[in-house]
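Trainee: Pasting query-v3.txt below, which is compact mmCIF, N, CA and C atoms.
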```txt
# COMPACT_ATOMS: atom_id res chain seq x y z
N MET A 1 93.97 158.11 50.50
CA MET A 1 92.86 157.19 50.58
C MET A 1 93.40 155.76 50.62
N ARG A 2 92.85 154.96 51.47
CA ARG A 2 93.32 153.60 51.65
C ARG A 2 92.67 152.66 50.65
N LYS A 3 93.44 151.74 50.11
CA LYS A 3 92.94 150.80 49.12
C LYS A 3 92.16 149.68 49.81
N LEU A 4 91.02 149.30 49.22
CA LEU A 4 90.20 148.23 49.74
C LEU A 4 90.93 146.90 49.58
N LYS A 5 91.00 146.12 50.62
CA LYS A 5 91.69 144.83 50.59
C LYS A 5 90.66 143.74 50.31
N PHE A 6 90.64 143.28 49.07
CA PHE A 6 89.70 142.22 48.68
C PHE A 6 90.02 140.90 49.36
N ALA A 7 91.28 140.68 49.73
CA ALA A 7 91.66 139.43 50.40
C ALA A 7 91.00 139.31 51.76
N ILE A 8 90.53 140.41 52.32
CA ILE A 8 89.83 140.39 53.61
C ILE A 8 88.32 140.48 53.40
N VAL A 9 87.90 141.36 52.51
CA VAL A 9 86.47 141.62 52.32
C VAL A 9 85.75 140.45 51.65
N LEU A 10 86.34 139.88 50.60
CA LEU A 10 85.67 138.80 49.87
C LEU A 10 85.40 137.55 50.72
N PRO A 11 86.37 137.03 51.48
CA PRO A 11 86.05 135.85 52.28
C PRO A 11 84.96 136.10 53.33
N ILE A 12 85.01 137.26 53.97
CA ILE A 12 84.01 137.56 55.00
C ILE A 12 82.62 137.63 54.39
N THR A 13 82.47 138.35 53.29
CA THR A 13 81.14 138.48 52.68
C THR A 13 80.66 137.15 52.10
N GLN A 14 81.55 136.38 51.51
CA GLN A 14 81.11 135.12 50.91
C GLN A 14 80.73 134.08 51.98
N VAL A 15 81.43 134.08 53.10
CA VAL A 15 81.06 133.16 54.19
C VAL A 15 79.71 133.58 54.76
N LEU A 16 79.47 134.88 54.90
CA LEU A 16 78.17 135.34 55.38
C LEU A 16 77.05 134.97 54.40
N ILE A 17 77.30 135.19 53.11
CA ILE A 17 76.30 134.85 52.09
C ILE A 17 76.05 133.35 52.08
N ALA A 18 77.11 132.54 52.16
CA ALA A 18 76.95 131.08 52.16
C ALA A 18 76.19 130.62 53.40
N SER A 19 76.47 131.21 54.55
CA SER A 19 75.77 130.84 55.78
C SER A 19 74.29 131.16 55.68
N ILE A 20 73.97 132.33 55.16
CA ILE A 20 72.57 132.72 55.00
C ILE A 20 71.86 131.78 54.02
N LEU A 21 72.51 131.47 52.90
CA LEU A 21 71.89 130.58 51.92
C LEU A 21 71.72 129.16 52.48
N LEU A 22 72.67 128.68 53.26
CA LEU A 22 72.54 127.35 53.86
C LEU A 22 71.39 127.31 54.87
N LEU A 23 71.27 128.35 55.69
CA LEU A 23 70.15 128.39 56.64
C LEU A 23 68.82 128.48 55.91
N TRP A 24 68.79 129.25 54.84
CA TRP A 24 67.57 129.38 54.05
C TRP A 24 67.21 128.04 53.41
N ALA A 25 68.21 127.32 52.91
CA ALA A 25 67.96 126.01 52.30
C ALA A 25 67.46 125.01 53.34
N ASP A 26 67.96 125.10 54.57
CA ASP A 26 67.49 124.19 55.62
C ASP A 26 66.04 124.44 55.98
N ARG A 27 65.61 125.67 55.86
CA ARG A 27 64.24 126.02 56.24
C ARG A 27 63.25 125.94 55.08
N THR A 28 63.72 125.60 53.90
CA THR A 28 62.83 125.48 52.75
C THR A 28 62.07 124.16 52.83
N PRO A 29 60.73 124.21 52.78
CA PRO A 29 59.97 122.96 52.84
C PRO A 29 60.13 122.14 51.56
N ILE A 30 60.13 120.83 51.72
CA ILE A 30 60.25 119.94 50.57
C ILE A 30 58.86 119.72 49.99
N PRO A 31 58.67 119.94 48.70
CA PRO A 31 57.36 119.72 48.09
C PRO A 31 56.95 118.24 48.20
N PRO A 32 55.68 117.98 48.46
CA PRO A 32 55.24 116.59 48.59
C PRO A 32 55.15 115.88 47.24
N LYS A 33 55.22 114.57 47.28
CA LYS A 33 55.00 113.69 46.12
C LYS A 33 55.99 113.93 44.99
N LEU A 34 57.26 114.03 45.31
CA LEU A 34 58.27 114.16 44.27
C LEU A 34 58.89 112.78 44.00
N ASP A 35 59.21 112.50 42.75
CA ASP A 35 59.85 111.23 42.43
C ASP A 35 61.36 111.40 42.22
N TYR A 36 61.93 112.49 42.68
CA TYR A 36 63.36 112.73 42.61
C TYR A 36 63.78 113.47 43.88
N TYR A 37 65.10 113.48 44.13
CA TYR A 37 65.60 114.15 45.32
C TYR A 37 65.57 115.65 45.09
N HIS A 38 64.92 116.36 45.99
CA HIS A 38 64.75 117.81 45.84
C HIS A 38 65.90 118.56 46.50
N LEU A 39 66.54 119.44 45.75
CA LEU A 39 67.54 120.35 46.30
C LEU A 39 66.96 121.76 46.27
N PRO A 40 66.89 122.43 47.42
CA PRO A 40 66.32 123.78 47.46
C PRO A 40 67.12 124.75 46.59
N PRO A 41 66.45 125.73 46.00
CA PRO A 41 67.15 126.71 45.16
C PRO A 41 68.25 127.46 45.90
N ALA A 42 68.07 127.73 47.19
CA ALA A 42 69.11 128.43 47.94
C ALA A 42 70.40 127.60 48.01
N TRP A 43 70.27 126.27 48.13
CA TRP A 43 71.45 125.40 48.15
C TRP A 43 72.13 125.40 46.78
N LEU A 44 71.35 125.40 45.72
CA LEU A 44 71.92 125.41 44.37
C LEU A 44 72.66 126.72 44.10
N ILE A 45 72.12 127.83 44.58
CA ILE A 45 72.79 129.12 44.42
C ILE A 45 74.10 129.14 45.21
N CYS A 46 74.04 128.64 46.45
CA CYS A 46 75.24 128.59 47.29
C CYS A 46 76.31 127.71 46.66
N LYS A 47 75.89 126.57 46.13
CA LYS A 47 76.83 125.66 45.49
C LYS A 47 77.41 126.27 44.22
N GLY A 48 76.61 127.00 43.48
CA GLY A 48 77.10 127.63 42.26
C GLY A 48 78.10 128.74 42.54
N LEU A 49 77.86 129.52 43.59
CA LEU A 49 78.79 130.60 43.94
C LEU A 49 80.12 130.06 44.47
N ASN A 50 80.07 128.90 45.09
CA ASN A 50 81.24 128.36 45.76
C ASN A 50 81.63 127.00 45.20
N ALA A 51 81.59 126.85 43.90
CA ALA A 51 81.88 125.57 43.25
C ALA A 51 83.28 125.04 43.56
N PRO A 52 84.32 125.85 43.57
CA PRO A 52 85.63 125.29 43.91
C PRO A 52 85.69 124.74 45.33
N ALA A 53 84.97 125.35 46.25
CA ALA A 53 84.94 124.84 47.62
C ALA A 53 84.26 123.47 47.67
N MET A 54 83.26 123.26 46.82
CA MET A 54 82.59 121.95 46.77
C MET A 54 83.58 120.88 46.30
N LEU A 55 84.43 121.22 45.35
CA LEU A 55 85.40 120.25 44.86
C LEU A 55 86.48 119.95 45.90
N LEU A 56 86.80 120.91 46.75
CA LEU A 56 87.79 120.67 47.80
C LEU A 56 87.26 119.73 48.89
N LEU A 57 85.94 119.53 48.95
CA LEU A 57 85.35 118.65 49.96
C LEU A 57 85.42 117.17 49.58
N VAL A 58 85.77 116.86 48.35
CA VAL A 58 85.78 115.47 47.89
C VAL A 58 86.69 114.57 48.74
N PRO A 59 87.91 114.98 49.11
CA PRO A 59 88.73 114.09 49.95
C PRO A 59 88.16 113.84 51.34
N PHE A 60 87.22 114.68 51.78
CA PHE A 60 86.65 114.54 53.12
C PHE A 60 85.29 113.83 53.11
N GLY A 61 84.91 113.24 52.00
CA GLY A 61 83.66 112.49 51.93
C GLY A 61 82.51 113.23 51.28
N GLY A 62 82.75 114.42 50.82
CA GLY A 62 81.70 115.16 50.13
C GLY A 62 81.71 114.83 48.66
N ASN A 63 80.71 115.30 47.94
CA ASN A 63 80.70 115.17 46.49
C ASN A 63 80.08 116.44 45.92
N TRP A 64 79.80 116.44 44.64
CA TRP A 64 79.31 117.66 43.99
C TRP A 64 77.94 118.07 44.53
N TYR A 65 77.17 117.12 45.04
CA TYR A 65 75.81 117.42 45.47
C TYR A 65 75.68 117.70 46.97
N PHE A 66 76.53 117.09 47.77
CA PHE A 66 76.37 117.19 49.22
C PHE A 66 77.71 117.48 49.90
N VAL A 67 77.63 118.15 51.05
CA VAL A 67 78.81 118.30 51.90
C VAL A 67 78.99 116.99 52.65
N PRO A 68 80.13 116.76 53.30
CA PRO A 68 80.30 115.51 54.05
C PRO A 68 79.20 115.32 55.08
N SER A 69 78.85 114.08 55.35
CA SER A 69 77.67 113.77 56.16
C SER A 69 77.86 114.00 57.65
N MET A 70 79.04 114.37 58.09
CA MET A 70 79.25 114.66 59.51
C MET A 70 78.42 115.90 59.87
N PRO A 71 77.63 115.86 60.94
CA PRO A 71 76.63 116.90 61.20
C PRO A 71 77.15 118.34 61.16
N ILE A 72 78.02 118.72 62.06
CA ILE A 72 78.48 120.10 62.11
C ILE A 72 79.80 120.26 61.37
N VAL A 73 80.61 119.23 61.36
CA VAL A 73 81.93 119.30 60.75
C VAL A 73 81.84 119.49 59.23
N GLY A 74 80.87 118.86 58.59
CA GLY A 74 80.72 118.99 57.14
C GLY A 74 80.45 120.41 56.72
N ARG A 75 79.50 121.07 57.40
CA ARG A 75 79.21 122.47 57.09
C ARG A 75 80.38 123.37 57.46
N GLY A 76 81.04 123.06 58.57
CA GLY A 76 82.20 123.85 58.97
C GLY A 76 83.32 123.77 57.95
N LEU A 77 83.61 122.56 57.46
CA LEU A 77 84.62 122.41 56.41
C LEU A 77 84.23 123.18 55.16
N PHE A 78 82.96 123.11 54.80
CA PHE A 78 82.50 123.83 53.62
C PHE A 78 82.74 125.33 53.77
N LEU A 79 82.37 125.90 54.93
CA LEU A 79 82.55 127.33 55.13
C LEU A 79 84.03 127.71 55.22
N ILE A 80 84.87 126.83 55.78
CA ILE A 80 86.31 127.10 55.80
C ILE A 80 86.86 127.13 54.39
N PHE A 81 86.45 126.16 53.55
CA PHE A 81 86.93 126.12 52.17
C PHE A 81 86.40 127.31 51.37
N VAL A 82 85.19 127.76 51.67
CA VAL A 82 84.67 128.97 51.02
C VAL A 82 85.57 130.15 51.35
N ALA A 83 85.96 130.29 52.62
CA ALA A 83 86.83 131.39 53.01
C ALA A 83 88.20 131.28 52.33
N VAL A 84 88.75 130.07 52.25
CA VAL A 84 90.06 129.88 51.63
C VAL A 84 90.01 130.24 50.14
N VAL A 85 89.00 129.74 49.44
CA VAL A 85 88.89 130.01 48.01
C VAL A 85 88.74 131.50 47.74
N TRP A 86 87.87 132.17 48.50
CA TRP A 86 87.66 133.59 48.25
C TRP A 86 88.82 134.44 48.75
N TYR A 87 89.60 133.95 49.73
CA TYR A 87 90.82 134.65 50.11
C TYR A 87 91.82 134.64 48.96
N LEU A 88 91.96 133.48 48.32
CA LEU A 88 92.89 133.39 47.19
C LEU A 88 92.44 134.26 46.03
N VAL A 89 91.13 134.31 45.79
CA VAL A 89 90.61 135.18 44.73
C VAL A 89 90.87 136.64 45.07
N GLY A 90 90.60 137.02 46.32
CA GLY A 90 90.84 138.40 46.74
C GLY A 90 92.31 138.78 46.68
N ARG A 91 93.19 137.86 47.03
CA ARG A 91 94.62 138.12 46.94
C ARG A 91 95.06 138.34 45.50
N ALA A 92 94.49 137.53 44.59
CA ALA A 92 94.83 137.71 43.17
C ALA A 92 94.33 139.06 42.65
N VAL A 93 93.15 139.47 43.11
CA VAL A 93 92.62 140.77 42.68
C VAL A 93 93.45 141.91 43.26
N ASP A 94 93.89 141.76 44.51
CA ASP A 94 94.71 142.81 45.13
C ASP A 94 96.07 142.96 44.45
N GLN A 95 96.61 141.89 43.90
CA GLN A 95 97.95 141.93 43.32
C GLN A 95 97.98 142.33 41.84
N ARG A 96 96.83 142.48 41.24
CA ARG A 96 96.85 142.84 39.82
C ARG A 96 97.30 144.29 39.64
N GLU A 97 97.80 144.56 38.45
CA GLU A 97 98.29 145.89 38.14
C GLU A 97 97.17 146.73 37.53
N ALA A 98 97.35 148.03 37.57
CA ALA A 98 96.38 148.93 36.95
C ALA A 98 96.44 148.76 35.44
N PRO A 99 95.29 148.79 34.77
CA PRO A 99 95.31 148.61 33.31
C PRO A 99 95.95 149.80 32.62
N ARG A 100 96.64 149.49 31.54
CA ARG A 100 97.27 150.54 30.73
C ARG A 100 96.28 150.99 29.67
N PRO A 101 96.38 152.25 29.27
CA PRO A 101 95.46 152.72 28.23
C PRO A 101 95.68 151.96 26.92
N ALA A 102 94.60 151.57 26.30
CA ALA A 102 94.68 150.81 25.06
C ALA A 102 94.95 151.74 23.89
N GLY A 103 95.77 151.26 22.97
CA GLY A 103 96.03 152.02 21.76
C GLY A 103 94.82 151.97 20.84
N GLU A 104 94.82 152.78 19.78
CA GLU A 104 93.67 152.82 18.89
C GLU A 104 93.47 151.49 18.17
N ARG A 105 94.53 150.85 17.77
CA ARG A 105 94.40 149.57 17.07
C ARG A 105 93.82 148.51 18.01
N ARG A 106 94.26 148.50 19.26
CA ARG A 106 93.72 147.55 20.23
C ARG A 106 92.26 147.85 20.53
N MET A 107 91.87 149.11 20.50
CA MET A 107 90.50 149.50 20.80
C MET A 107 89.54 148.91 19.78
N VAL A 108 89.93 148.90 18.52
CA VAL A 108 89.08 148.33 17.46
C VAL A 108 88.92 146.84 17.69
N THR A 109 89.99 146.16 18.05
CA THR A 109 89.92 144.73 18.32
C THR A 109 89.02 144.45 19.52
N VAL A 110 89.16 145.24 20.57
CA VAL A 110 88.35 145.05 21.77
C VAL A 110 86.87 145.27 21.45
N LEU A 111 86.55 146.30 20.69
CA LEU A 111 85.16 146.56 20.33
C LEU A 111 84.59 145.45 19.46
N ALA A 112 85.39 144.91 18.55
CA ALA A 112 84.92 143.81 17.70
C ALA A 112 84.63 142.56 18.53
N VAL A 113 85.51 142.22 19.45
CA VAL A 113 85.31 141.04 20.29
C VAL A 113 84.11 141.24 21.20
N GLN A 114 83.97 142.42 21.77
CA GLN A 114 82.82 142.68 22.64
C GLN A 114 81.51 142.62 21.87
N SER A 115 81.50 143.08 20.64
CA SER A 115 80.29 143.00 19.83
C SER A 115 79.92 141.56 19.52
N LEU A 116 80.93 140.73 19.21
CA LEU A 116 80.65 139.30 18.96
C LEU A 116 80.13 138.60 20.20
N VAL A 117 80.70 138.89 21.36
CA VAL A 117 80.24 138.28 22.60
C VAL A 117 78.82 138.74 22.92
N LEU A 118 78.51 140.00 22.69
CA LEU A 118 77.17 140.51 22.92
C LEU A 118 76.16 139.85 21.99
N ALA A 119 76.53 139.68 20.73
CA ALA A 119 75.64 139.01 19.78
C ALA A 119 75.41 137.55 20.17
N ALA A 120 76.48 136.85 20.59
CA ALA A 120 76.34 135.46 21.01
C ALA A 120 75.47 135.36 22.26
N GLY A 121 75.62 136.28 23.19
CA GLY A 121 74.78 136.28 24.39
C GLY A 121 73.33 136.54 24.05
N GLY A 122 73.07 137.48 23.15
CA GLY A 122 71.69 137.74 22.72
C GLY A 122 71.07 136.53 22.04
N LEU A 123 71.85 135.85 21.21
CA LEU A 123 71.37 134.64 20.54
C LEU A 123 71.04 133.55 21.55
N LEU A 124 71.92 133.32 22.51
CA LEU A 124 71.67 132.31 23.55
C LEU A 124 70.46 132.68 24.40
N PHE A 125 70.30 133.96 24.72
CA PHE A 125 69.14 134.40 25.49
C PHE A 125 67.85 134.14 24.70
N TYR A 126 67.87 134.44 23.40
CA TYR A 126 66.70 134.19 22.55
C TYR A 126 66.37 132.71 22.48
N LEU A 127 67.38 131.88 22.26
CA LEU A 127 67.16 130.44 22.15
C LEU A 127 66.69 129.86 23.48
N GLY A 128 67.18 130.37 24.60
CA GLY A 128 66.74 129.89 25.90
C GLY A 128 65.30 130.28 26.19
N GLY A 129 64.86 131.40 25.71
CA GLY A 129 63.49 131.85 25.93
C GLY A 129 62.45 131.16 25.08
N ARG A 130 62.89 130.52 23.99
CA ARG A 130 61.94 129.83 23.12
C ARG A 130 61.40 128.56 23.74
N ASN A 131 62.16 127.94 24.63
CA ASN A 131 61.71 126.66 25.22
C ASN A 131 60.81 126.92 26.32
```
Here is the file; what I need is its structure written in the form of structure tokens.
Mentor:
Amino acid sequence: MRKLKFAIVLPITQVLIASILLLWADRTPIPPKLDYYHLPPAWLICKGLNAPAMLLLVPFGGNWYFVPSMPIVGRGLFLIFVAVVWYLVGRAVDQREAPRPAGERRMVTVLAVQSLVLAAGGLLFYLGGRN
């Protein structure tokens, strides 16, 4: 059986997802009578998934909120950087080693840490729902 190459699959899927989200954001109507600049939710999701690519756009005139203002080149640079970032992530995933079985002593530590993280997540979820 052939191993899945994440270095190929991740950039392709992320560029497709980013393209779809950008087109969706372009077609989202702006609500009338706003006293602030409106960013469509699809753009915020795309920016959140590809945050490192947004930071790579800074030398080319982009910032955290917008891609460079050049009409087609700005979006093209963004999609190229999305592919580069996700290629590097996929390469790192492809090169990792298989996990070794944990000993009994390590298993207790892992379960304790996972329980604390679960409790902290539940607490944050509860506090976020109160507002």
Trainee: Record the distance separating CA of Pro40 in chain A and CA of Ala25 in chain A, expressed in Å with one decimal.
Mentor: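 Taking CA of Pro40 in chain A as the start and CA of Ala25 in chain A as the end point, the length is 5.6 Å.
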Trainee: Would you give me, as JSON, numbers by chain, the residues in chain A that DSSP reads as helix (DSSP H, G or I)?
Mentor: {"A": [6, 7, 8, 9, 10, 11, 12, 13, 14, 15, 16, 17, 18, 19, 20, 21, 22, 23, 24, 25, 26, 27, 41, 42, 43, 44, 45, 46, 47, 48, 49, 51, 52, 53, 54, 55, 56, 58, 59, 60, 71, 72, 73, 74, 75, 76, 77, 78, 79, 80, 81, 82, 83, 84, 85, 86, 87, 88, 89, 90, 91, 92, 93, 94, 95, 104, 105, 106, 107, 108, 109, 110, 111, 112, 113, 114, 115, 116, 117, 118, 119, 120, 121, 122, 123, 124, 125, 126, 127, 128, 129, 130]}
Trainee: Between atom C of Val84 in chain A and atom C of Val58 in chain A, measure the distance and give it in Å to one decimal.
Mentor: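 Between atom C of Val84 in chain A and atom C of Val58 in chain A the gap works out to 16.1 Å.
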Trainee: When you look at Gly76 in chain A with a cut-off of 12 Å (counting only C-alpha atoms), what residues show up, excluding the ones that are within fewer than 6 positions of it in the same chain? I need them as a PyMOL selection string.
Mentor: chain A and resi 15+18-19+22+53+57+60+67-70+82-83
Trainee: Export N, CA and C atoms of the chosen residues as a compact mmCIF listing (two decimals), in the frame of the given file?
Mentor:
```
# COMPACT_ATOMS: atom_id res chain seq x y z
N VAL A 15 81.43 134.08 53.10
CA VAL A 15 81.06 133.16 54.19
C VAL A 15 79.71 133.58 54.76
N ALA A 18 77.11 132.54 52.16
CA ALA A 18 76.95 131.08 52.16
C ALA A 18 76.19 130.62 53.40
N SER A 19 76.47 131.21 54.55
CA SER A 19 75.77 130.84 55.78
C SER A 19 74.29 131.16 55.68
N LEU A 22 72.67 128.68 53.26
CA LEU A 22 72.54 127.35 53.86
C LEU A 22 71.39 127.31 54.87
N ALA A 53 84.97 125.35 46.25
CA ALA A 53 84.94 124.84 47.62
C ALA A 53 84.26 123.47 47.67
N LEU A 57 85.94 119.53 48.95
CA LEU A 57 85.35 118.65 49.96
C LEU A 57 85.42 117.17 49.58
N PHE A 60 87.22 114.68 51.78
CA PHE A 60 86.65 114.54 53.12
C PHE A 60 85.29 113.83 53.11
N VAL A 67 77.63 118.15 51.05
CA VAL A 67 78.81 118.30 51.90
C VAL A 67 78.99 116.99 52.65
N PRO A 68 80.13 116.76 53.30
CA PRO A 68 80.30 115.51 54.05
C PRO A 68 79.20 115.32 55.08
N SER A 69 78.85 114.08 55.35
CA SER A 69 77.67 113.77 56.16
C SER A 69 77.86 114.00 57.65
N MET A 70 79.04 114.37 58.09
CA MET A 70 79.25 114.66 59.51
C MET A 70 78.42 115.90 59.87
N VAL A 82 85.19 127.76 51.67
CA VAL A 82 84.67 128.97 51.02
C VAL A 82 85.57 130.15 51.35
N ALA A 83 85.96 130.29 52.62
CA ALA A 83 86.83 131.39 53.01
C ALA A 83 88.20 131.28 52.33
```
Trainee: If you measure from CA of Leu88 in chain A to atom C of Thr13 in chain A, what distance in Å do you get, rounded to one decimal?
Mentor: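 Between CA of Leu88 in chain A and atom C of Thr13 in chain A the gap is 13.7 Å.
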Trainee: Between A:Leu124, A:Met107, A:Leu79, A:Leu4, which one has atoms that come closest to Asp94 in chain A, using only N, CA and C atoms?
Mentor: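 Among the listed residues, A:Leu4 lies closest to Asp94 in chain A.
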